[in-house]
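Data block below; observations after.
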Amino acid sequence: MRTPLIAGNWKMHGTIAESEERVASLLPRISTAEHVDVAVCVPFTALQAVVDSSRGSRLGVFAQNVHWEPQGPYTGEISVPMLTEIEVGGVVVGHSERRQLFGETDKHLQLKVPAALSAGLQVILCVGETEEERENGDTERRLRHQVQEGLEKVETDRLGDVVIAYEPIWAIGTGQTATPEQAQEALAFVRALVADRSKEQAERSRILYGGSMKPDNAEELLALPDCDGGLIGGASLDVAQFTAIVEAAPRA
Ligand code: 13P
């Protein structure tokens, strides 16, 4: 059985003070939630503070990007050892905002995913199609490319450790959620792509849905056979909404 993961992606929201306030409000609300893993993906400057204030709790603290080299002439980048030094537990990579706005490519992800995994970070690899790709019937082609490239340099026996978040770009921040049928079809397809490398690992893989997941649609999405959790943007900034989604996961 796969334990569901509910991960909040705070994106570029939260000074240190705001992040500490948010996490202080969140921790008591999730302390008794069972059969669900919970994480937040925090802006770099607030990582240390959130790690410190959630130490000893069940909350995973993740970064939102990482470079593949341990150090070097890469202005503006943050490396894996910089994250592990402050006890960050994981990282979300390949978010469509990074791909579309900051030129992140599948080739970068091919290096980032194994670099983070081998240092003990949990990895959430984001994939997803644009609206145009969906309309043109190119969703599977796009997902195949992203999943195969992103996992290419991951050793077979570690494939199941990579969490993959299916986030249709047209559903991100739009309030337009994928229908349960669309989501299940894509999530199952992503799992099948992992199974092309290893059936056993694909059974371990946690595949998340992301894109306008809210308290009122979470349970239906989380109940889908191939949905092992959610990557939550807007609703993760509201502690009550995020908690409601965390609570929906074990029910689903
Ligand atoms: P929203 O939940 O705001 O649509 O964002 C989803 C997302 O991009 C999570 O990474």
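A note on labels: chains of the structure tokens are A, B, ... as shown, every chain counts residues from 1, and ligands are counted from 1 in their shown order.
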Residues within 8 Å of ligand 1, counting only C-alpha atoms and all ligand atoms: report them as a VMD selection string.
chain A and resid 8 to 9 11 95 to 97 126 167 169 171 to 175 177 210 to 214 231 to 236
If we count only C-alpha atoms and set the cut-off at 8 Å, which residues sit around A:Val50, ignoring sequence neighbours fewer than 3 positions away in its own chain? Please answer as a list in words.
Ser19, Glu20, Val23, Val42, Ala46, Leu47, Ser53, Ser54 and Val61 of chain A
Just the selected residues (C-alpha atoms), exported as a PDB file, in the first residue's frame, please.
ATOM      1  CA  SER A  19       6.173  31.213   6.764  1.00  0.00           C
ATOM      2  CA  GLU A  20       6.749  30.756  10.488  1.00  0.00           C
ATOM      3  CA  VAL A  23       3.656  26.583   9.824  1.00  0.00           C
ATOM      4  CA  VAL A  42       9.004  26.564   0.952  1.00  0.00           C
ATOM      5  CA  ALA A  46      12.373  30.597   4.795  1.00  0.00           C
ATOM      6  CA  LEU A  47      13.601  26.978   4.652  1.00  0.00           C
ATOM      7  CA  SER A  53      10.023  25.198  13.769  1.00  0.00           C
ATOM      8  CA  SER A  54       8.824  21.832  12.451  1.00  0.00           C
ATOM      9  CA  VAL A  61      10.090  20.495   4.467  1.00  0.00           C
TER      10      VAL A  61
END
Just list as a PyMOL selection string whatever in stretch 6-217 of chain A DSSP marks as strand (DSSP E or B).
chain A and resi 6-9+37-41+59-63+67+79+90-93+122-127+162-166+207-210
Going by DSSP on the backbone, which bits of stretch 145-214 of chain A are alpha helix (DSSP H)? Write them as a PyMOL selection string, please.
chain A and resi 145-151+180-197+199-204
Write the residues you've just listed into a file as a compact mmCIF listing (two decimals), in the first residue's frame, and include C-alpha atoms for each of them.
# COMPACT_ATOMS: atom_id res chain seq x y z
CA HIS A 145 8.85 12.52 -22.93
CA GLN A 146 8.89 14.22 -19.53
CA VAL A 147 8.71 11.04 -17.46
CA GLN A 148 11.22 9.08 -19.54
CA GLU A 149 13.74 11.91 -19.65
CA GLY A 150 13.31 12.90 -16.00
CA LEU A 151 13.86 9.34 -14.80
CA PRO A 180 -11.72 12.59 -12.45
CA GLU A 181 -11.66 10.70 -15.77
CA GLN A 182 -8.97 12.97 -17.27
CA ALA A 183 -6.91 12.80 -14.08
CA GLN A 184 -7.15 9.02 -13.69
CA GLU A 185 -6.25 8.45 -17.34
CA ALA A 186 -3.13 10.59 -17.05
CA LEU A 187 -2.09 9.26 -13.63
CA ALA A 188 -2.43 5.67 -14.84
CA PHE A 189 -0.46 6.54 -17.95
CA VAL A 190 2.36 7.99 -15.83
CA ARG A 191 2.43 4.82 -13.74
CA ALA A 192 2.51 2.72 -16.90
CA LEU A 193 5.54 4.70 -18.07
CA VAL A 194 7.37 3.81 -14.85
CA ALA A 195 6.22 0.21 -15.32
CA ASP A 196 7.92 0.18 -18.72
CA ARG A 197 11.16 0.31 -16.72
CA LYS A 199 6.56 -3.11 -12.83
CA GLU A 200 7.65 -3.63 -9.25
CA GLN A 201 8.91 -0.06 -8.89
CA ALA A 202 5.77 1.33 -10.54
CA GLU A 203 3.70 -0.25 -7.78
CA ARG A 204 5.77 1.72 -5.24
For A:Glu104, which residue among A:Cys41, A:Val66, A:Ile86, A:Ala248 is the nearest when counting only C-alpha atoms?
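Distance minimum relative to A:Glu104 lands on A:Val66.
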Option closest in space to A:Ala115, from A:Thr139, A:Ser79, A:Gln100, A:Ser25 [counting only C-alpha atoms]:
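Checking each of A:Thr139, A:Ser79, A:Gln100, A:Ser25 against A:Ala115, counting only C-alpha atoms, the winner is A:Ser79.
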Name the residues in contact with A:Val162 at a cut-off of 12 Å, using only C-alpha atoms, excluding same-chain residues fewer than 3 positions from it; report them as a VMD selection string.
chain A and resid 90 to 93 112 to 114 116 to 118 120 to 126 147 150 to 159 165 191 194 201 to 208
